[in-house]
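Here is query_13.cif, consisting of mmCIF, C-alpha atoms:
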data_upload
#
loop_
_atom_site.label_atom_id
_atom_site.label_comp_id
_atom_site.auth_asym_id
_atom_site.auth_seq_id
_atom_site.Cartn_x
_atom_site.Cartn_y
_atom_site.Cartn_z
CA MET A 158 32.61 11.63 -81.35
CA SER A 159 32.38 8.65 -83.71
CA VAL A 160 28.93 7.78 -82.30
CA SER A 161 27.59 11.31 -82.71
CA THR A 162 28.70 11.45 -86.36
CA ASN A 163 27.21 8.01 -87.12
CA LEU A 164 30.56 6.41 -87.95
CA VAL A 165 29.84 3.59 -85.47
CA MET A 166 26.71 2.31 -83.71
CA ALA A 167 28.31 1.91 -80.28
CA SER A 168 31.48 2.80 -78.48
CA LEU A 169 32.96 1.51 -75.24
CA GLY A 170 34.95 3.68 -72.91
CA GLU A 171 36.72 3.46 -69.58
CA GLU A 172 35.22 5.63 -66.86
CA THR A 173 37.58 6.57 -64.07
CA ARG A 174 36.29 10.02 -63.26
CA ALA A 175 34.39 11.74 -66.09
CA SER A 176 36.05 10.21 -69.14
CA CYS A 177 32.73 8.81 -70.45
CA ARG A 178 30.26 11.29 -69.01
CA GLY A 179 32.07 14.32 -70.44
CA PRO A 180 32.25 13.14 -74.07
CA ALA A 181 28.66 11.85 -73.92
CA ASN A 182 27.47 15.23 -72.69
CA HIS A 183 29.50 17.26 -75.20
CA ASN A 184 28.49 15.11 -78.19
CA ALA A 185 24.81 14.56 -77.26
CA VAL A 186 24.85 10.75 -77.19
CA ALA A 187 23.29 8.27 -74.77
CA LEU A 188 25.45 6.72 -72.06
CA ILE A 189 24.99 3.79 -69.71
CA LEU A 190 27.50 3.37 -66.87
CA PRO A 191 26.69 -0.05 -65.45
CA HIS A 192 27.64 -1.06 -61.94
CA LYS A 193 31.04 -2.74 -61.67
CA SER A 194 29.49 -6.06 -60.68
CA LEU A 195 27.34 -6.18 -63.83
CA LEU A 196 30.33 -6.23 -66.20
CA GLY A 197 32.99 -8.39 -64.58
CA PHE A 198 36.72 -7.79 -65.08
CA GLY A 199 37.28 -11.50 -65.79
CA GLY A 200 35.04 -11.36 -68.84
CA GLY A 201 37.14 -8.89 -70.80
CA ALA A 202 35.56 -5.68 -69.50
CA ILE A 203 37.48 -2.46 -69.83
CA GLY A 204 39.52 -1.23 -66.93
CA ALA A 205 42.83 -1.79 -65.22
CA ASP A 206 41.94 -0.79 -61.66
CA ILE A 207 39.20 -2.91 -60.11
CA TYR A 208 38.43 -0.22 -57.51
CA CYS A 209 38.14 2.86 -59.74
CA ASP A 210 37.48 1.88 -63.35
CA ARG A 211 34.25 0.79 -64.97
CA SER A 212 32.99 0.43 -68.51
CA GLY A 213 30.88 3.05 -70.26
CA ILE A 214 28.58 2.26 -73.20
CA LEU A 215 27.92 5.14 -75.60
CA CYS A 216 25.27 4.89 -78.36
CA ARG A 217 22.82 7.14 -80.20
CA THR A 218 19.85 5.90 -78.11
CA ILE A 219 19.34 4.35 -74.69
CA ALA A 220 17.73 1.31 -76.38
CA ASP A 221 20.96 0.68 -78.29
CA CYS A 222 22.96 1.05 -75.07
CA ALA A 223 20.71 -1.51 -73.38
CA LYS A 224 21.24 -4.00 -76.22
CA VAL A 225 25.01 -3.65 -75.96
CA LEU A 226 24.80 -4.00 -72.17
CA ASP A 227 22.80 -7.22 -72.50
CA ALA A 228 25.45 -8.59 -74.87
CA LEU A 229 28.36 -7.67 -72.57
CA LYS A 230 26.99 -8.38 -69.11
CA ASP A 231 28.40 -11.06 -66.86
CA ARG A 232 26.42 -14.28 -67.28
CA SER A 233 27.03 -15.65 -63.78
CA PRO A 234 23.88 -17.02 -62.09
CA ALA A 235 24.10 -14.48 -59.26
CA ILE A 236 23.26 -11.61 -61.62
CA THR A 237 19.61 -11.49 -62.65
CA ILE A 238 19.36 -7.86 -63.80
CA ARG A 239 18.18 -7.32 -67.38
CA ALA A 240 18.67 -4.06 -69.18
CA ILE A 241 15.81 -4.88 -71.57
CA PRO A 242 12.67 -6.30 -69.89
CA SER A 243 11.77 -9.83 -70.96
CA ARG A 244 8.10 -8.87 -71.43
CA PRO A 245 6.43 -5.50 -71.99
CA CYS A 246 5.60 -3.54 -68.87
CA ARG A 247 1.97 -2.58 -68.59
CA ALA A 248 2.22 -0.49 -65.40
CA ARG A 249 2.26 3.29 -65.57
CA ARG A 250 5.44 3.58 -63.50
CA CYS A 251 7.72 1.88 -66.09
#
What do you get writing this file as structure tokens?
Amino acid sequence: MSVSTNLVMASLGEETRASCRGPANHNAVALILPHKSLLGFGGGAIGADIYCDRSGILCRTIADCAKVLDALKDRSPAITIRAIPSRPCRARRC
């Protein structure tokens, strides 16, 4: 609710079942639920149960969610996924 009323720019939540999707839907804010391997538990990500929990990023826009995801993601060399493309996409399918 703090994101929808512009009290904060971003909010992090713990998704076990619908604890991020429900509030995002009811308050009309953007949500990114990254894969568990993208935000590692060793790097301070939210969650107590490695098998069920994952972090949820709630912001006013998807672009803001992507910026927060890039700041939080695991920096291990095995992960090469970028939430924000490094160069503009010129194809129609982007």
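Applied to the file shown here, the PyMOL selection byres ((chain A and resi 188) around 6) selects Ala187, Ile189, Ile214 and Leu215 of chain A.
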**Message:** Nearest residue to A:Lys193 out of A:Asp221, A:Asp210, A:Met166, A:Pro180, using all atoms listed in the file?
**Reply:** A:Asp210
**Request:** Identify, on the basis of only C-alpha atoms, every residue whose closest approach to A:Cys177 does not exceed 12 Å; exclude the query and any residue fewer than 6 positions from it along the same chain; express the result as a list in words.
**Result:** Met158, Ser168, Leu169, Gly170, Glu171, His183, Asn184, Ala185, Val186, Ala187, Leu188, Ile189, Leu190, Pro191, Asp210, Arg211, Ser212, Gly213, Ile214, Leu215 and Cys216 of chain A
**Item:** Between atom CA of A:Arg217 and atom CA of A:Val160 - distance in Å to one decimal
**Value:**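 Separation of atom CA of A:Val160 and atom CA of A:Arg217: 6.5 Å.
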Around stretch 172-189 of chain A, fit a box with edges along x, y and z, padding it by 3 Å on each side, then list its centre and edge lengths in Å to one decimal as JSON.
{"center_x": 30.4, "center_y": 10.5, "center_z": -70.7, "size_x": 20.3, "size_y": 19.5, "size_z": 20.9}
**Computed interatomic separation between atom CA of A:Thr173 and atom CA of A:Lys230 (Å)** =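 Computed distance, atom CA of A:Thr173 to atom CA of A:Lys230, equals 19.0 Å.
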**Message:** Calculated over all atoms listed in the file, which of the candidates A:Ala167, A:Arg174, A:Ala181, A:Leu195 has the smallest distance to A:Lys224?
**Reply:**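 Of A:Ala167, A:Arg174, A:Ala181, A:Leu195, the one nearest A:Lys224, counting all atoms listed in the file, is A:Ala167.
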**Item:** Counting all atoms listed in the file, the option among A:Leu226, A:Ser161, A:Cys209, A:Ala220 closest to A:Asn182
**Value:**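 Smallest separation from A:Asn182 among the options: A:Ser161.
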**Request:** Rounded to one decimal place, report the atom CA of A:Leu196-atom CA of A:Ala228 distance in Å.
**Result:** 10.2 Å
